[in-house]
file coords_26.txt (compact mmCIF, C-alpha atoms)
# COMPACT_ATOMS: atom_id res chain seq x y z
CA GLU A 1 78.61 69.81 109.44
CA PRO A 2 80.73 72.00 107.12
CA GLU A 3 81.13 75.57 108.23
CA VAL A 4 82.66 78.87 107.26
CA THR A 5 85.56 79.87 109.49
CA GLN A 6 86.95 83.37 109.98
CA THR A 7 90.14 84.70 111.51
CA PRO A 8 90.87 86.68 113.54
CA SER A 9 87.81 86.80 115.76
CA HIS A 10 88.83 90.24 116.97
CA GLN A 11 91.43 92.67 115.69
CA VAL A 12 92.38 96.03 117.08
CA THR A 13 94.34 98.35 114.80
CA GLN A 14 95.46 101.92 114.59
CA MET A 15 93.87 104.29 112.10
CA GLY A 16 95.77 104.24 108.83
CA GLN A 17 97.00 100.67 109.17
CA GLU A 18 96.20 97.88 106.73
CA VAL A 19 94.09 94.95 107.88
CA ILE A 20 93.51 91.56 106.30
CA LEU A 21 90.54 89.48 107.39
CA ARG A 22 90.62 85.83 106.43
CA CYS A 23 87.90 83.34 105.68
CA VAL A 24 87.77 79.68 104.76
CA PRO A 25 84.49 79.07 102.91
CA ILE A 26 82.76 75.72 102.69
CA SER A 27 84.92 73.59 100.43
CA ASN A 28 82.53 72.89 97.54
CA HIS A 29 81.02 76.37 97.44
CA LEU A 30 81.77 78.63 94.50
CA TYR A 31 80.29 81.98 95.58
CA PHE A 32 81.84 84.09 98.31
CA TYR A 33 80.70 87.24 100.08
CA TRP A 34 81.67 89.83 102.63
CA TYR A 35 79.13 91.70 104.73
CA ARG A 36 79.64 94.04 107.63
CA GLN A 37 77.60 95.28 110.57
CA ILE A 38 78.46 98.51 112.30
CA LEU A 39 77.25 98.44 115.90
CA GLY A 40 73.53 99.19 116.07
CA GLN A 41 73.09 99.25 112.31
CA LYS A 42 72.02 96.87 109.57
CA VAL A 43 74.07 94.03 108.16
CA GLU A 44 75.35 95.56 104.90
CA PHE A 45 76.54 93.85 101.74
CA LEU A 46 80.08 94.66 100.66
CA VAL A 47 81.03 92.36 97.82
CA SER A 48 80.40 89.04 96.10
CA PHE A 49 83.07 86.99 94.34
CA TYR A 50 82.85 84.19 91.81
CA ASN A 51 85.28 82.57 89.44
CA ASN A 52 88.15 84.68 90.75
CA GLU A 53 86.52 88.01 90.13
CA ILE A 54 84.11 90.41 91.79
CA SER A 55 80.56 89.73 90.62
CA GLU A 56 78.90 92.57 92.51
CA LYS A 57 79.93 95.26 94.96
CA SER A 58 78.19 97.92 96.97
CA GLU A 59 78.93 101.63 97.20
CA ILE A 60 80.71 100.92 100.48
CA PHE A 61 83.27 98.76 98.70
CA ASP A 62 85.51 101.53 97.40
CA ASP A 63 89.20 101.57 96.51
CA GLN A 64 90.08 101.13 100.15
CA PHE A 65 88.82 97.55 100.00
CA SER A 66 89.98 94.55 98.03
CA VAL A 67 89.26 90.84 98.01
CA GLU A 68 91.35 87.92 96.96
CA ARG A 69 91.26 84.17 96.80
CA PRO A 70 94.99 83.52 97.07
CA ASP A 71 94.72 79.73 97.05
CA GLY A 72 92.08 77.04 96.81
CA SER A 73 90.71 77.53 100.30
CA ASN A 74 91.11 81.07 101.62
CA PHE A 75 89.11 84.19 100.80
CA THR A 76 90.45 87.45 102.16
CA LEU A 77 89.22 91.01 102.65
CA LYS A 78 91.92 93.67 102.75
CA ILE A 79 91.23 97.12 104.10
CA ARG A 80 93.96 99.64 103.27
CA SER A 81 94.51 102.64 105.50
CA THR A 82 91.74 101.90 107.99
CA LYS A 83 89.47 104.66 109.27
CA LEU A 84 87.57 104.94 112.53
CA GLU A 85 84.30 104.30 110.69
CA ASP A 86 85.59 100.91 109.47
CA SER A 87 85.08 99.59 113.00
CA ALA A 88 82.46 96.86 112.57
CA MET A 89 81.80 93.13 112.59
CA TYR A 90 82.79 91.69 109.23
CA PHE A 91 81.02 88.52 108.11
CA CYS A 92 82.24 86.17 105.42
CA ALA A 93 79.72 83.92 103.70
CA SER A 94 79.64 81.33 100.95
CA SER A 95 77.00 79.62 98.87
CA GLY A 96 76.81 76.72 96.48
CA ALA A 97 74.61 78.45 93.95
CA ALA A 98 74.03 81.95 92.67
CA ASN A 99 71.09 84.21 93.46
CA THR A 100 69.39 81.89 95.96
CA GLY A 101 69.99 83.98 99.05
CA GLU A 102 70.95 80.79 100.87
CA LEU A 103 74.23 81.81 102.40
CA PHE A 104 76.37 80.15 105.03
CA PHE A 105 77.97 82.72 107.31
CA GLY A 106 81.03 82.64 109.50
CA GLU A 107 80.99 83.86 113.08
CA GLY A 108 82.45 87.20 112.12
CA SER A 109 85.63 89.17 112.69
CA ARG A 110 85.29 92.18 114.91
CA LEU A 111 87.49 95.06 113.75
CA THR A 112 88.19 97.93 116.11
CA VAL A 113 90.02 100.93 114.67
CA LEU A 114 91.52 103.31 117.22
CA GLY B 1 65.93 101.52 96.72
CA ASP B 2 65.02 98.26 98.38
CA SER B 3 64.78 98.18 102.15
CA VAL B 4 63.67 95.99 105.05
CA THR B 5 62.20 97.23 108.31
CA GLN B 6 61.93 95.08 111.41
CA MET B 7 60.35 95.73 114.74
CA GLU B 8 62.76 97.08 117.30
CA GLY B 9 63.88 94.79 120.04
CA PRO B 10 64.72 93.45 122.42
CA VAL B 11 61.74 91.18 122.74
CA THR B 12 61.43 89.28 126.02
CA LEU B 13 59.00 86.37 126.30
CA SER B 14 58.32 83.60 128.74
CA GLU B 15 58.81 80.03 127.59
CA GLU B 16 55.83 78.66 125.63
CA ALA B 17 54.60 82.14 124.70
CA PHE B 18 53.56 83.04 121.15
CA LEU B 19 56.12 84.94 119.11
CA THR B 20 55.61 87.46 116.34
CA ILE B 21 58.43 89.52 114.89
CA ASN B 22 57.21 92.00 112.31
CA CYS B 23 59.01 92.60 109.03
CA THR B 24 57.96 94.83 106.16
CA TYR B 25 59.80 95.54 102.97
CA THR B 26 60.03 97.99 100.11
CA ALA B 27 61.16 96.64 96.77
CA THR B 28 60.52 96.80 93.08
CA GLY B 29 59.61 93.61 91.30
CA TYR B 30 59.30 90.28 93.07
CA PRO B 31 61.97 89.74 95.69
CA SER B 32 62.62 86.57 97.63
CA LEU B 33 62.27 86.95 101.40
CA PHE B 34 64.26 85.34 104.19
CA TRP B 35 64.61 85.03 107.92
CA TYR B 36 68.10 84.45 109.27
CA VAL B 37 68.92 83.71 112.91
CA GLN B 38 72.12 84.35 114.85
CA TYR B 39 72.58 82.38 118.05
CA PRO B 40 75.07 83.73 120.59
CA GLY B 41 78.65 83.27 119.42
CA GLU B 42 77.64 81.92 116.01
CA GLY B 43 77.24 83.18 112.45
CA LEU B 44 73.94 83.96 110.79
CA GLN B 45 71.99 80.89 109.70
CA LEU B 46 69.16 80.67 107.23
CA LEU B 47 65.96 79.91 109.13
CA LEU B 48 63.38 79.98 106.33
CA LYS B 49 62.61 81.57 102.99
CA ALA B 50 59.77 82.29 100.58
CA THR B 51 60.24 83.10 96.92
CA LYS B 52 56.83 84.30 95.78
CA ALA B 53 53.64 85.83 97.04
CA ASP B 54 51.52 83.68 99.40
CA ASP B 55 54.36 81.19 99.88
CA LYS B 56 54.87 80.10 103.48
CA GLY B 57 58.36 79.32 104.70
CA SER B 58 58.69 77.10 107.75
CA ASN B 59 61.44 75.52 109.82
CA LYS B 60 61.92 74.44 113.46
CA GLY B 61 58.36 75.50 114.33
CA PHE B 62 58.83 78.98 112.86
CA GLU B 63 56.66 80.21 110.01
CA ALA B 64 56.43 83.29 107.81
CA THR B 65 54.08 84.03 104.91
CA TYR B 66 55.00 86.25 101.98
CA ARG B 67 52.24 88.86 101.84
CA LYS B 68 52.59 91.03 98.78
CA GLU B 69 49.48 93.06 99.48
CA THR B 70 50.90 94.26 102.82
CA THR B 71 54.58 93.92 101.80
CA SER B 72 55.20 91.88 104.92
CA PHE B 73 56.94 88.70 106.02
CA HIS B 74 56.24 88.40 109.74
CA LEU B 75 57.94 85.63 111.68
CA GLU B 76 55.78 83.55 114.04
CA LYS B 77 56.19 80.65 116.40
CA GLY B 78 53.44 79.17 118.51
CA SER B 79 55.48 78.23 121.56
CA VAL B 80 58.98 79.57 122.07
CA GLN B 81 61.72 77.82 124.00
CA VAL B 82 64.71 79.18 125.88
CA SER B 83 66.89 77.81 123.08
CA ASP B 84 65.18 80.21 120.64
CA SER B 85 66.94 83.14 122.28
CA ALA B 86 68.86 84.75 119.44
CA VAL B 87 68.90 87.68 117.04
CA TYR B 88 66.52 87.36 114.08
CA PHE B 89 67.16 89.11 110.78
CA CYS B 90 64.65 89.65 108.01
CA ALA B 91 66.17 90.00 104.53
CA LEU B 92 65.27 90.27 100.87
CA LEU B 93 66.98 89.35 97.63
CA ASN B 94 65.77 91.16 94.56
CA SER B 95 68.26 90.96 91.75
CA GLY B 96 71.93 90.17 91.83
CA TYR B 97 73.80 88.69 94.75
CA ALA B 98 73.25 91.12 97.59
CA LEU B 99 70.96 90.22 100.48
CA ASN B 100 69.35 93.33 101.96
CA PHE B 101 68.99 92.88 105.73
CA GLY B 102 66.95 94.53 108.41
CA LYS B 103 68.59 95.68 111.66
CA GLY B 104 67.79 92.49 113.51
CA THR B 105 65.51 91.80 116.47
CA SER B 106 66.92 90.36 119.66
CA LEU B 107 64.73 87.74 121.35
CA LEU B 108 65.22 86.60 124.92
CA VAL B 109 63.10 83.72 126.18
CA THR B 110 63.02 83.21 129.93
CA PRO B 111 62.15 79.97 131.74
call {"tool": "encode", "arguments": {"input": "coords_26.txt", "output": "structure tokens"}}
result
Amino acid sequence: EPEVTQTPSHQVTQMGQEVILRCVPISNHLYFYWYRQILGQKVEFLVSFYNNEISEKSEIFDDQFSVERPDGSNFTLKIRSTKLEDSAMYFCASSGAANTGELFFGEGSRLTVL
Amino acid sequence: GDSVTQMEGPVTLSEEAFLTINCTYTATGYPSLFWYVQYPGEGLQLLLKATKADDKGSNKGFEATYRKETTSFHLEKGSVQVSDSAVYFCALLNSGYALNFGKGTSLLVTP
């Protein structure tokens, strides 16, 4: 069964460093997403991406964050100058259609900022 | 703004017990409602959905009915199994692309 894969599974970084989280969405999907879950809190939407541009972003997704689809398979989330409060589980997801809510999620990348 | 509230966990049940996980929502308009499940070590998976009032979503023995009058979408299963142990997330989609999730409810089913 096709699946969304994320790397790394866990990353520890120092405050102020840049981090790139990588995702390989399901191959025939066209819509890509990043969500995050801070420990003990809700899963929060960060950004959606379609046709090589951001289609929607939340207030959380400020200038510190960026997304990119550098080739035909990868979808990346870059966090510049990480802060302690960026520590969270980051989930990548993809879907084959827009606005259905039927997303396929990866297992997550746990980011720890020290 | 839109929001989803789930009952706090963890919920511990014996095998074959009846399960209810409560979910209520606040939203304008007519959102679609979802239950996602996360098994240990895996990503979130769509369990079931309902797109309009009085619709019932069902999958793997789980059911939830979209109740607009009570703004609820409670998850139920008649007889849980150990393999149902997971975290369950209620979510809504109103407009746009962003799913709005609840905090999640952890379920542990013991033999």
call {"tool": "closest_residue", "arguments": {"input": "coords_26.txt", "among": "A:Gln17, A:Tyr35, A:Asn28, A:Val43", "to": "Phe89 in chain B", "atoms": "only C-alpha atoms"}}
result
A:Val43
call {"tool": "interface_residues", "arguments": {"input": "coords_26.txt", "of": "chain A", "to": "chain B", "cutoff": "10 Å", "atoms": "all atoms listed in the file", "output": "CSV table (one decimal) with C-alpha atoms, in the coordinates of the input"}}
result
chain,number,residue,atom,x,y,z
A,3,GLU,CA,81.1,75.6,108.2
A,4,VAL,CA,82.7,78.9,107.3
A,5,THR,CA,85.6,79.9,109.5
A,31,TYR,CA,80.3,82.0,95.6
A,32,PHE,CA,81.8,84.1,98.3
A,33,TYR,CA,80.7,87.2,100.1
A,34,TRP,CA,81.7,89.8,102.6
A,35,TYR,CA,79.1,91.7,104.7
A,37,GLN,CA,77.6,95.3,110.6
A,40,GLY,CA,73.5,99.2,116.1
A,41,GLN,CA,73.1,99.2,112.3
A,42,LYS,CA,72.0,96.9,109.6
A,43,VAL,CA,74.1,94.0,108.2
A,44,GLU,CA,75.4,95.6,104.9
A,45,PHE,CA,76.5,93.8,101.7
A,46,LEU,CA,80.1,94.7,100.7
A,47,VAL,CA,81.0,92.4,97.8
A,48,SER,CA,80.4,89.0,96.1
A,49,PHE,CA,83.1,87.0,94.3
A,55,SER,CA,80.6,89.7,90.6
A,56,GLU,CA,78.9,92.6,92.5
A,57,LYS,CA,79.9,95.3,95.0
A,58,SER,CA,78.2,97.9,97.0
A,91,PHE,CA,81.0,88.5,108.1
A,92,CYS,CA,82.2,86.2,105.4
A,93,ALA,CA,79.7,83.9,103.7
A,98,ALA,CA,74.0,82.0,92.7
A,99,ASN,CA,71.1,84.2,93.5
A,100,THR,CA,69.4,81.9,96.0
A,101,GLY,CA,70.0,84.0,99.0
A,102,GLU,CA,71.0,80.8,100.9
A,103,LEU,CA,74.2,81.8,102.4
A,104,PHE,CA,76.4,80.2,105.0
A,105,PHE,CA,78.0,82.7,107.3
A,106,GLY,CA,81.0,82.6,109.5
A,107,GLU,CA,81.0,83.9,113.1
A,108,GLY,CA,82.4,87.2,112.1
call {"tool": "closest_residue", "arguments": {"input": "coords_26.txt", "among": "A:Met15, A:Leu21, A:Ile26, A:Val67", "to": "Asp86 in chain A", "atoms": "only C-alpha atoms"}}
result
A:Met15
call {"tool": "atom_distance", "arguments": {"input": "coords_26.txt", "atom1": "CA of Ser106 in chain B", "atom2": "CA of Leu13 in chain B"}}
result
11.1 Å
call {"tool": "atom_distance", "arguments": {"input": "coords_26.txt", "atom1": "CA of Gln81 in chain B", "atom2": "CA of Gly57 in chain B"}}
result
19.6 Å
call {"tool": "atom_distance", "arguments": {"input": "coords_26.txt", "atom1": "CA of Lys83 in chain A", "atom2": "CA of Pro25 in chain A"}}
result
26.8 Å
call {"tool": "closest_residue", "arguments": {"input": "coords_26.txt", "among": "A:Ser87, A:Ser94, A:Ser109, A:Asn74", "to": "Ile38 in chain A", "atoms": "only C-alpha atoms"}}
result
A:Ser87
call {"tool": "residues_around", "arguments": {"input": "coords_26.txt", "residues": "Glu76 in chain B", "least_positions_apart": "2", "cutoff": "9 Å", "atoms": "only C-alpha atoms", "output": "count of residues only"}}
result
11
call {"tool": "closest_residue", "arguments": {"input": "coords_26.txt", "among": "A:Leu114, A:Val12, A:Leu39, A:Ile20", "to": "Ser66 in chain A", "atoms": "all atoms listed in the file"}}
result
A:Ile20
